[in-house]
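Novice: Data: coords-v6.pdb, PDB, C-alpha atoms, pLDDT in the B column.
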MODEL        1
ATOM      1  CA  MET A   2      71.563 149.173 119.878  1.00 72.00           C
ATOM      2  CA  ASN A   3      73.124 151.809 117.687  1.00 80.00           C
ATOM      3  CA  TYR A   4      73.446 151.759 113.920  1.00 82.00           C
ATOM      4  CA  VAL A   5      75.728 154.199 112.103  1.00 85.00           C
ATOM      5  CA  ARG A   6      74.195 154.264 108.645  1.00 85.00           C
ATOM      6  CA  LYS A   7      77.037 156.179 106.946  1.00 87.00           C
ATOM      7  CA  LYS A   8      79.621 153.619 108.022  1.00 89.00           C
ATOM      8  CA  ASN A   9      77.280 150.601 108.182  1.00 89.00           C
ATOM      9  CA  ILE A  10      78.372 149.758 111.748  1.00 90.00           C
ATOM     10  CA  LEU A  11      76.065 148.071 114.263  1.00 89.00           C
ATOM     11  CA  THR A  12      76.877 148.361 117.955  1.00 88.00           C
ATOM     12  CA  LEU A  13      75.029 146.225 120.492  1.00 86.00           C
ATOM     13  CA  THR A  14      75.053 146.060 124.254  1.00 82.00           C
ATOM     14  CA  ILE A  15      74.631 142.337 124.798  1.00 81.00           C
ATOM     15  CA  TYR A  16      76.216 139.542 126.853  1.00 80.00           C
ATOM     16  CA  ASP A  17      77.333 142.210 129.371  1.00 80.00           C
ATOM     17  CA  ARG A  18      79.521 143.727 126.660  1.00 85.00           C
ATOM     18  CA  ILE A  19      79.590 146.324 123.941  1.00 89.00           C
ATOM     19  CA  ILE A  20      79.954 144.545 120.605  1.00 91.00           C
ATOM     20  CA  SER A  21      80.429 146.324 117.270  1.00 92.00           C
ATOM     21  CA  LEU A  22      79.924 144.635 113.905  1.00 92.00           C
ATOM     22  CA  TYR A  23      81.694 146.160 110.900  1.00 92.00           C
ATOM     23  CA  PRO A  24      80.933 145.647 107.195  1.00 91.00           C
ATOM     24  CA  SER A  25      84.396 144.122 106.680  1.00 91.00           C
ATOM     25  CA  GLY A  26      83.399 141.242 108.976  1.00 88.00           C
ATOM     26  CA  LYS A  27      85.464 142.587 111.854  1.00 92.00           C
ATOM     27  CA  ILE A  28      83.916 142.305 115.319  1.00 93.00           C
ATOM     28  CA  SER A  29      85.088 144.255 118.338  1.00 93.00           C
ATOM     29  CA  MET A  30      83.971 143.628 121.909  1.00 93.00           C
ATOM     30  CA  ASN A  31      84.990 144.679 125.371  1.00 92.00           C
ATOM     31  CA  LYS A  32      85.269 142.725 128.631  1.00 90.00           C
ATOM     32  CA  THR A  33      86.574 139.489 127.148  1.00 89.00           C
ATOM     33  CA  HIS A  34      88.812 137.335 129.290  1.00 90.00           C
ATOM     34  CA  ASP A  35      90.491 135.415 126.486  1.00 92.00           C
ATOM     35  CA  VAL A  36      90.289 134.574 122.795  1.00 92.00           C
ATOM     36  CA  GLU A  37      88.193 131.438 123.385  1.00 93.00           C
ATOM     37  CA  GLU A  38      85.538 133.451 125.205  1.00 92.00           C
ATOM     38  CA  ALA A  39      85.485 136.039 122.421  1.00 91.00           C
ATOM     39  CA  PHE A  40      84.975 133.326 119.786  1.00 92.00           C
ATOM     40  CA  GLU A  41      82.237 131.686 121.868  1.00 92.00           C
ATOM     41  CA  ILE A  42      80.332 134.957 122.207  1.00 91.00           C
ATOM     42  CA  ALA A  43      80.833 135.814 118.527  1.00 91.00           C
ATOM     43  CA  GLY A  44      79.529 132.356 117.605  1.00 91.00           C
ATOM     44  CA  GLU A  45      76.414 132.778 119.762  1.00 88.00           C
ATOM     45  CA  LEU A  46      75.776 136.190 118.235  1.00 88.00           C
ATOM     46  CA  MET A  47      76.183 134.821 114.702  1.00 87.00           C
ATOM     47  CA  ASP A  48      73.739 132.007 115.517  1.00 86.00           C
ATOM     48  CA  ARG A  49      71.174 134.554 116.707  1.00 81.00           C
ATOM     49  CA  ILE A  50      71.617 136.701 113.621  1.00 82.00           C
ATOM     50  CA  ASN A  51      71.294 133.658 111.377  1.00 82.00           C
ATOM     51  CA  ARG A  52      68.152 132.474 113.196  1.00 79.00           C
ATOM     52  CA  ALA A  53      66.609 135.920 112.750  1.00 74.00           C
ATOM     53  CA  HIS A  54      67.517 135.879 109.072  1.00 73.00           C
ATOM     54  CA  ASP A  55      66.246 132.315 108.561  1.00 77.00           C
ATOM     55  CA  SER A  56      62.908 133.167 110.170  1.00 68.00           C
ATOM     56  CA  GLY A  57      62.078 134.912 106.916  1.00 62.00           C
ATOM     57  CA  GLY A  58      63.244 138.417 107.584  1.00 52.00           C
ATOM     58  CA  ASP A  59      59.704 139.636 107.020  1.00 51.00           C
ATOM     59  CA  GLY A  60      59.496 141.008 110.537  1.00 49.00           C
ATOM     60  CA  SER A  61      56.559 138.777 111.441  1.00 49.00           C
ATOM     61  CA  ASP A  62      58.208 137.545 114.633  1.00 49.00           C
ATOM     62  CA  SER A  63      60.479 140.492 115.348  1.00 55.00           C
ATOM     63  CA  ARG A  64      59.823 143.302 117.764  1.00 60.00           C
ATOM     64  CA  ASP A  65      60.651 146.911 116.972  1.00 66.00           C
ATOM     65  CA  MET A  66      62.702 147.631 120.071  1.00 69.00           C
ATOM     66  CA  SER A  67      62.876 151.312 119.187  1.00 71.00           C
ATOM     67  CA  ARG A  68      59.157 151.485 120.008  1.00 82.00           C
ATOM     68  CA  ILE A  69      59.524 149.798 123.408  1.00 87.00           C
ATOM     69  CA  GLY A  70      60.304 152.161 126.236  1.00 90.00           C
ATOM     70  CA  PRO A  71      60.966 151.841 129.959  1.00 93.00           C
ATOM     71  CA  MET A  72      57.289 152.427 130.782  1.00 95.00           C
ATOM     72  CA  ASP A  73      56.297 149.458 128.615  1.00 95.00           C
ATOM     73  CA  VAL A  74      58.776 147.199 130.410  1.00 96.00           C
ATOM     74  CA  HIS A  75      57.859 148.662 133.813  1.00 97.00           C
ATOM     75  CA  ARG A  76      54.214 147.642 133.313  1.00 97.00           C
ATOM     76  CA  CYS A  77      55.401 144.037 133.103  1.00 97.00           C
ATOM     77  CA  LEU A  78      57.656 144.142 136.177  1.00 97.00           C
ATOM     78  CA  PRO A  79      56.527 143.253 139.718  1.00 97.00           C
ATOM     79  CA  GLY A  80      56.460 146.923 140.785  1.00 96.00           C
ATOM     80  CA  SER A  81      57.633 146.087 144.299  1.00 96.00           C
ATOM     81  CA  ASN A  82      60.733 148.323 144.195  1.00 97.00           C
ATOM     82  CA  CYS A  83      62.382 145.650 146.353  1.00 97.00           C
ATOM     83  CA  GLY A  84      65.927 146.461 145.287  1.00 96.00           C
ATOM     84  CA  ASP A  85      66.916 142.784 144.844  1.00 96.00           C
ATOM     85  CA  CYS A  86      68.218 143.674 141.366  1.00 96.00           C
ATOM     86  CA  GLY A  87      70.499 146.355 142.765  1.00 96.00           C
ATOM     87  CA  GLU A  88      68.351 149.239 141.560  1.00 97.00           C
ATOM     88  CA  SER A  89      66.286 151.455 143.828  1.00 96.00           C
ATOM     89  CA  THR A  90      63.104 151.139 141.756  1.00 97.00           C
ATOM     90  CA  CYS A  91      61.577 148.906 139.108  1.00 97.00           C
ATOM     91  CA  MET A  92      61.564 151.921 136.757  1.00 96.00           C
ATOM     92  CA  ALA A  93      65.334 152.337 137.180  1.00 96.00           C
ATOM     93  CA  PHE A  94      65.692 148.606 136.465  1.00 96.00           C
ATOM     94  CA  ALA A  95      63.554 148.916 133.300  1.00 95.00           C
ATOM     95  CA  MET A  96      65.678 151.800 132.038  1.00 93.00           C
ATOM     96  CA  LYS A  97      68.949 149.965 132.685  1.00 91.00           C
ATOM     97  CA  LEU A  98      67.558 146.762 131.189  1.00 91.00           C
ATOM     98  CA  LEU A  99      66.825 148.518 127.895  1.00 87.00           C
ATOM     99  CA  ASN A 100      70.272 150.135 127.962  1.00 82.00           C
ATOM    100  CA  GLY A 101      71.935 146.748 128.424  1.00 80.00           C
ATOM    101  CA  GLU A 102      73.145 147.559 131.920  1.00 85.00           C
ATOM    102  CA  GLN A 103      70.912 144.987 133.649  1.00 91.00           C
ATOM    103  CA  LYS A 104      69.684 141.449 132.959  1.00 92.00           C
ATOM    104  CA  LEU A 105      66.128 140.190 133.368  1.00 95.00           C
ATOM    105  CA  ASP A 106      67.428 137.435 135.643  1.00 94.00           C
ATOM    106  CA  SER A 107      68.455 140.135 138.122  1.00 96.00           C
ATOM    107  CA  CYS A 108      64.779 140.726 138.909  1.00 97.00           C
ATOM    108  CA  LEU A 109      64.450 137.927 141.455  1.00 96.00           C
ATOM    109  CA  PRO A 110      60.682 138.320 142.031  1.00 96.00           C
ATOM    110  CA  LEU A 111      60.102 137.406 138.345  1.00 96.00           C
ATOM    111  CA  LYS A 112      61.474 133.953 139.164  1.00 94.00           C
ATOM    112  CA  GLU A 113      58.658 133.299 141.633  1.00 95.00           C
ATOM    113  CA  PRO A 114      55.752 131.094 140.449  1.00 93.00           C
ATOM    114  CA  TRP A 115      53.141 133.739 141.279  1.00 94.00           C
ATOM    115  CA  MET A 116      54.811 136.158 138.819  1.00 95.00           C
ATOM    116  CA  GLN A 117      54.022 134.094 135.712  1.00 95.00           C
ATOM    117  CA  GLU A 118      51.544 136.722 134.535  1.00 97.00           C
ATOM    118  CA  LYS A 119      54.291 139.364 134.595  1.00 97.00           C
ATOM    119  CA  VAL A 120      56.679 137.058 132.720  1.00 96.00           C
ATOM    120  CA  GLN A 121      53.976 136.417 130.115  1.00 96.00           C
ATOM    121  CA  CYS A 122      53.522 140.181 129.797  1.00 97.00           C
ATOM    122  CA  LEU A 123      57.261 140.529 129.082  1.00 96.00           C
ATOM    123  CA  GLU A 124      57.152 137.641 126.586  1.00 94.00           C
ATOM    124  CA  LYS A 125      54.282 139.298 124.744  1.00 94.00           C
ATOM    125  CA  LEU A 126      56.048 142.673 124.753  1.00 93.00           C
ATOM    126  CA  LEU A 127      59.571 141.507 123.903  1.00 91.00           C
ATOM    127  CA  GLY A 128      59.299 138.041 122.396  1.00 89.00           C
ATOM    128  CA  GLU A 129      61.203 134.990 123.599  1.00 85.00           C
ATOM    129  CA  ASP A 130      64.400 135.732 121.659  1.00 81.00           C
ATOM    130  CA  MET A 131      64.661 139.263 123.047  1.00 86.00           C
ATOM    131  CA  MET A 132      63.926 137.977 126.552  1.00 90.00           C
ATOM    132  CA  GLU A 133      66.872 135.617 126.182  1.00 86.00           C
ATOM    133  CA  THR A 134      69.005 138.434 124.787  1.00 82.00           C
ATOM    134  CA  LEU A 135      68.089 140.567 127.805  1.00 88.00           C
ATOM    135  CA  GLY A 136      69.266 137.830 130.128  1.00 88.00           C
ATOM    136  CA  TRP A 137      66.193 135.727 130.930  1.00 92.00           C
ATOM    137  CA  SER A 138      67.054 132.099 131.581  1.00 90.00           C
ATOM    138  CA  GLY A 139      63.603 131.093 132.793  1.00 84.00           C
ATOM    139  CA  TYR A 140      62.233 130.086 136.150  1.00 74.00           C
TER     140      TYR A 140
ENDMDL
END
As structure tokens, how would this structure be written, given the file I've shared?

Specialist:
Amino acid sequence: MNYVRKKNILTLTIYDRIISLYPSGKISMNKTHDVEEAFEIAGELMDRINRAHDSGGDGSDSRDMSRIGPMDVHRCLPGSNCGDCGESTCMAFAMKLLNGEQKLDSCLPLKEPWMQEKVQCLEKLLGEDMMETLGWSGY
């Protein structure tokens, strides 16, 4: 996530895309296949923003992602360095996950029943909404 305060522009890496939100209401995104897909993604993003706003905006259920680093995420990963996600290590996966270059679902060991403790660790660290944003669809 990047926010340009002077221009009031928010840029997110989400849904496998780079999406920028402008104060005029304009939205730009890359990697769209057609207009329908762009509208679907924009609608999902608006729903998420509205849910966050409707939750009170007091920050009680939000996580300060700027304070969460790769080491924090790494502590909640299996630590097997199996490579199933396409990365050579779990630390590389954690770094790419936070940069929006990987999805949580890519970590196949997290889908195993015996990894529930690790998933709970991630839920506590990130919150359910952020887990979904980072590509977690569940077991």

Novice: Here is a test: counting all atoms listed in the file, which residue of A:Asn3, A:Gly139, A:Ile69, A:Lys8 is nearest to A:Met116?

Specialist: A:Gly139

Novice: Closest to A:Leu127 among A:Leu109, A:Ile20, A:Met92, A:Leu99, using all atoms listed in the file?

Specialist: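 Of A:Leu109, A:Ile20, A:Met92, A:Leu99, the one nearest A:Leu127, counting all atoms listed in the file, is A:Leu99.
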
Novice: Report the centre and edge lengths, in Å to one decimal, of an axis-aligned box enclosing every atom of stretch 41-55 of chain A listed in the file, padded by 8 Å on each side, as AutoDock Vina command-line options.

Specialist:
--center_x 74.2 --center_y 134.2 --center_z 115.4 --size_x 32.0 --size_y 21.0 --size_z 29.6

Novice: Quick check on the file I pasted: which residues fall under the PyMOL selection byres ((chain A and resi 19) around 6)? Write them as a compact mmCIF listing (two decimals) with C-alpha atoms, in the coordinates of the input.

Specialist:
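See result-v5.txt below for the written result:
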# COMPACT_ATOMS: atom_id res chain seq x y z
CA LEU A 13 75.03 146.22 120.49
CA THR A 14 75.05 146.06 124.25
CA ARG A 18 79.52 143.73 126.66
CA ILE A 20 79.95 144.54 120.60
CA MET A 30 83.97 143.63 121.91
CA ASN A 31 84.99 144.68 125.37

Novice: Run the PyMOL selection byres ((chain A and resi 135) around 8) against the file shown and list the residues it catches, as a PyMOL selection string.

Specialist: chain A and resi 15+98+101+103-105+131-134+136-137

Novice: At what distance in Å, to one decimal, does atom CA of A:Ser25 lie from atom CA of A:Ile10?

Specialist: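 Result for atom CA of A:Ile10 versus atom CA of A:Ser25: 9.7 Å, one decimal.
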